[in-house]
Amino acid sequence: MTEQERPRYMISIAAELVGMHPQTLRIYESKGLVRPRRTPGNTRLYSEADLERLRLIQRLTTELGLNLAGVETVLRLEDELGKARARLERLERQMREEIRNVHKQYKREVVLYRAAGGDDLPERTRWTSTRGGQAPLVHPPND
């Protein structure tokens with residue numbers, strides 16, 4: 001649990017910090033817009049992340065004029081976007097690690113060859129990849 005997610009504020013303090021009435025926080029919880037943690041005695045505790053979410057709800061309703069159904073949709077989409085970003089970051093880390101592993105295993109060698117047809121043709125060189133010390137079959141280009 002990050003410091004942002006650690007529950008620490010009782011409902012009265014949280015309401016004061018975000019400039020809302022405690023009953024408003026209860027309504028938002030009942031609608032599933034915010035999910036404070038509970039103590040064993042069932043007291044609501046709000047984290048910094050909860051307070052940020054409450055501030056966002058306040059901006060959406062007061063500045064943008066959204067109703068709670070609209071706020072719910074925006075919050076759901078934001079949650080989905082956050083999950084997608086986290087998944088993308090995880091996949092990018094895995095991809096980079098796989099690329100590093102391939103580069104560690106991959107060896108490149110230079111193979112010099114002469115074109116078929118004798119000495120009257122100019123010497124040609126070609127770079128080819130090899131693995132495990134075995135050079136691939138390379139044919140000269142057709143002129």
# chains A, B, ... in the order shown; residues from 1 in each chain; ligands from 1

$ residues_around --residues "range 8-25 of chain A" --least-positions-apart "2" --cutoff "10 Å" --atoms "only C-alpha atoms" --output "number ranges by chain"
A: 3-6, 27-31, 33-38, 43-48, 50-56, 58

$ write_last_selection --atoms "C-alpha atoms" --output "short mmCIF file (atom, residue, chain, number, x, y, z; two decimals), in the first residue's frame"
data_model
loop_
_atom_site.label_atom_id
_atom_site.label_comp_id
_atom_site.auth_asym_id
_atom_site.auth_seq_id
_atom_site.Cartn_x
_atom_site.Cartn_y
_atom_site.Cartn_z
CA GLU A 3 1.45 6.43 1.20
CA GLN A 4 -1.25 7.88 -1.11
CA GLU A 5 -3.51 4.88 -0.42
CA ARG A 6 -3.02 4.71 3.36
CA ILE A 27 -23.91 9.84 -0.47
CA TYR A 28 -20.89 9.48 -2.77
CA GLU A 29 -19.93 6.29 -0.94
CA SER A 30 -23.46 4.88 -1.24
CA LYS A 31 -23.35 5.54 -5.01
CA LEU A 33 -18.07 6.95 -6.32
CA VAL A 34 -15.61 6.69 -3.46
CA ARG A 35 -14.68 3.70 -1.29
CA PRO A 36 -13.15 4.68 2.05
CA ARG A 37 -11.64 1.96 4.19
CA ARG A 38 -13.28 0.96 7.45
CA THR A 43 -15.44 4.13 11.12
CA ARG A 44 -14.74 5.46 7.61
CA LEU A 45 -11.13 6.38 6.92
CA TYR A 46 -10.21 8.33 3.79
CA SER A 47 -6.81 8.28 2.11
CA GLU A 48 -5.09 11.01 0.10
CA ASP A 50 -9.78 9.25 -1.80
CA LEU A 51 -9.46 13.00 -1.22
CA GLU A 52 -8.13 13.51 -4.75
CA ARG A 53 -11.06 11.52 -6.11
CA LEU A 54 -13.48 13.66 -4.07
CA ARG A 55 -11.86 16.81 -5.43
CA LEU A 56 -12.27 15.46 -8.96
CA GLN A 58 -16.34 18.26 -7.02
#

$ select_by_dssp --residues "range 22-101 of chain A" --states "strand (DSSP E)" --output "ChimeraX atom specification"
/A:37-38,44-46

$ residues_around --residues "Ala69 in chain A" --least-positions-apart "2" --cutoff "12 Å" --atoms "only C-alpha atoms" --output "list in words"
Tyr28, Lys31, Gly32, Leu33, Ile57, Leu60, Thr61, Gly65, Leu66, Asn67, Val71, Glu72, Thr73, Val74, Leu75 and Arg76 of chain A

$ decode --residues "range 64-85 of chain A" --atoms "N, CA and C atoms" --output "CSV table (one decimal), in the first residue's frame"
chain,number,residue,atom,x,y,z
A,64,LEU,N,-18.0,21.6,-14.4
A,64,LEU,CA,-18.4,21.1,-15.7
A,64,LEU,C,-19.9,20.8,-15.7
A,65,GLY,N,-20.6,20.8,-14.5
A,65,GLY,CA,-22.0,20.7,-14.5
A,65,GLY,C,-22.5,19.3,-14.7
A,66,LEU,N,-21.7,18.3,-14.5
A,66,LEU,CA,-22.1,16.9,-14.6
A,66,LEU,C,-23.0,16.5,-13.5
A,67,ASN,N,-24.0,15.6,-13.7
A,67,ASN,CA,-24.7,15.0,-12.7
A,67,ASN,C,-23.9,13.8,-12.2
A,68,LEU,N,-24.5,13.1,-11.1
A,68,LEU,CA,-23.7,12.0,-10.5
A,68,LEU,C,-23.6,10.8,-11.5
A,69,ALA,N,-24.6,10.6,-12.4
A,69,ALA,CA,-24.5,9.6,-13.4
A,69,ALA,C,-23.3,9.8,-14.3
A,70,GLY,N,-23.2,11.1,-14.7
A,70,GLY,CA,-22.0,11.5,-15.6
A,70,GLY,C,-20.7,11.3,-14.9
A,71,VAL,N,-20.7,11.7,-13.6
A,71,VAL,CA,-19.5,11.6,-12.8
A,71,VAL,C,-19.1,10.1,-12.7
A,72,GLU,N,-20.1,9.3,-12.5
A,72,GLU,CA,-19.8,7.8,-12.4
A,72,GLU,C,-19.2,7.3,-13.7
A,73,THR,N,-19.7,7.7,-14.8
A,73,THR,CA,-19.2,7.3,-16.1
A,73,THR,C,-17.7,7.8,-16.3
A,74,VAL,N,-17.5,9.0,-15.9
A,74,VAL,CA,-16.1,9.6,-16.1
A,74,VAL,C,-15.2,8.8,-15.2
A,75,LEU,N,-15.6,8.6,-13.9
A,75,LEU,CA,-14.7,7.9,-13.0
A,75,LEU,C,-14.4,6.4,-13.5
A,76,ARG,N,-15.5,5.8,-14.0
A,76,ARG,CA,-15.3,4.4,-14.5
A,76,ARG,C,-14.3,4.4,-15.6
A,77,LEU,N,-14.4,5.4,-16.6
A,77,LEU,CA,-13.5,5.4,-17.7
A,77,LEU,C,-12.1,5.8,-17.3
A,78,GLU,N,-12.0,6.6,-16.3
A,78,GLU,CA,-10.6,6.9,-15.8
A,78,GLU,C,-10.0,5.7,-15.1
A,79,ASP,N,-10.8,5.0,-14.4
A,79,ASP,CA,-10.3,3.7,-13.7
A,79,ASP,C,-9.8,2.7,-14.8
A,80,GLU,N,-10.6,2.6,-15.9
A,80,GLU,CA,-10.3,1.7,-17.0
A,80,GLU,C,-9.0,2.1,-17.7
A,81,LEU,N,-8.9,3.4,-17.9
A,81,LEU,CA,-7.7,4.0,-18.5
A,81,LEU,C,-6.5,3.8,-17.7
A,82,GLY,N,-6.6,4.0,-16.4
A,82,GLY,CA,-5.5,3.7,-15.5
A,82,GLY,C,-5.0,2.3,-15.5
A,83,LYS,N,-6.0,1.3,-15.5
A,83,LYS,CA,-5.7,-0.1,-15.6
A,83,LYS,C,-5.0,-0.4,-16.9
A,84,ALA,N,-5.5,0.2,-18.0
A,84,ALA,CA,-4.9,-0.1,-19.3
A,84,ALA,C,-3.5,0.5,-19.4
A,85,ARG,N,-3.2,1.7,-18.8
A,85,ARG,CA,-1.9,2.2,-18.8
A,85,ARG,C,-0.9,1.3,-18.0
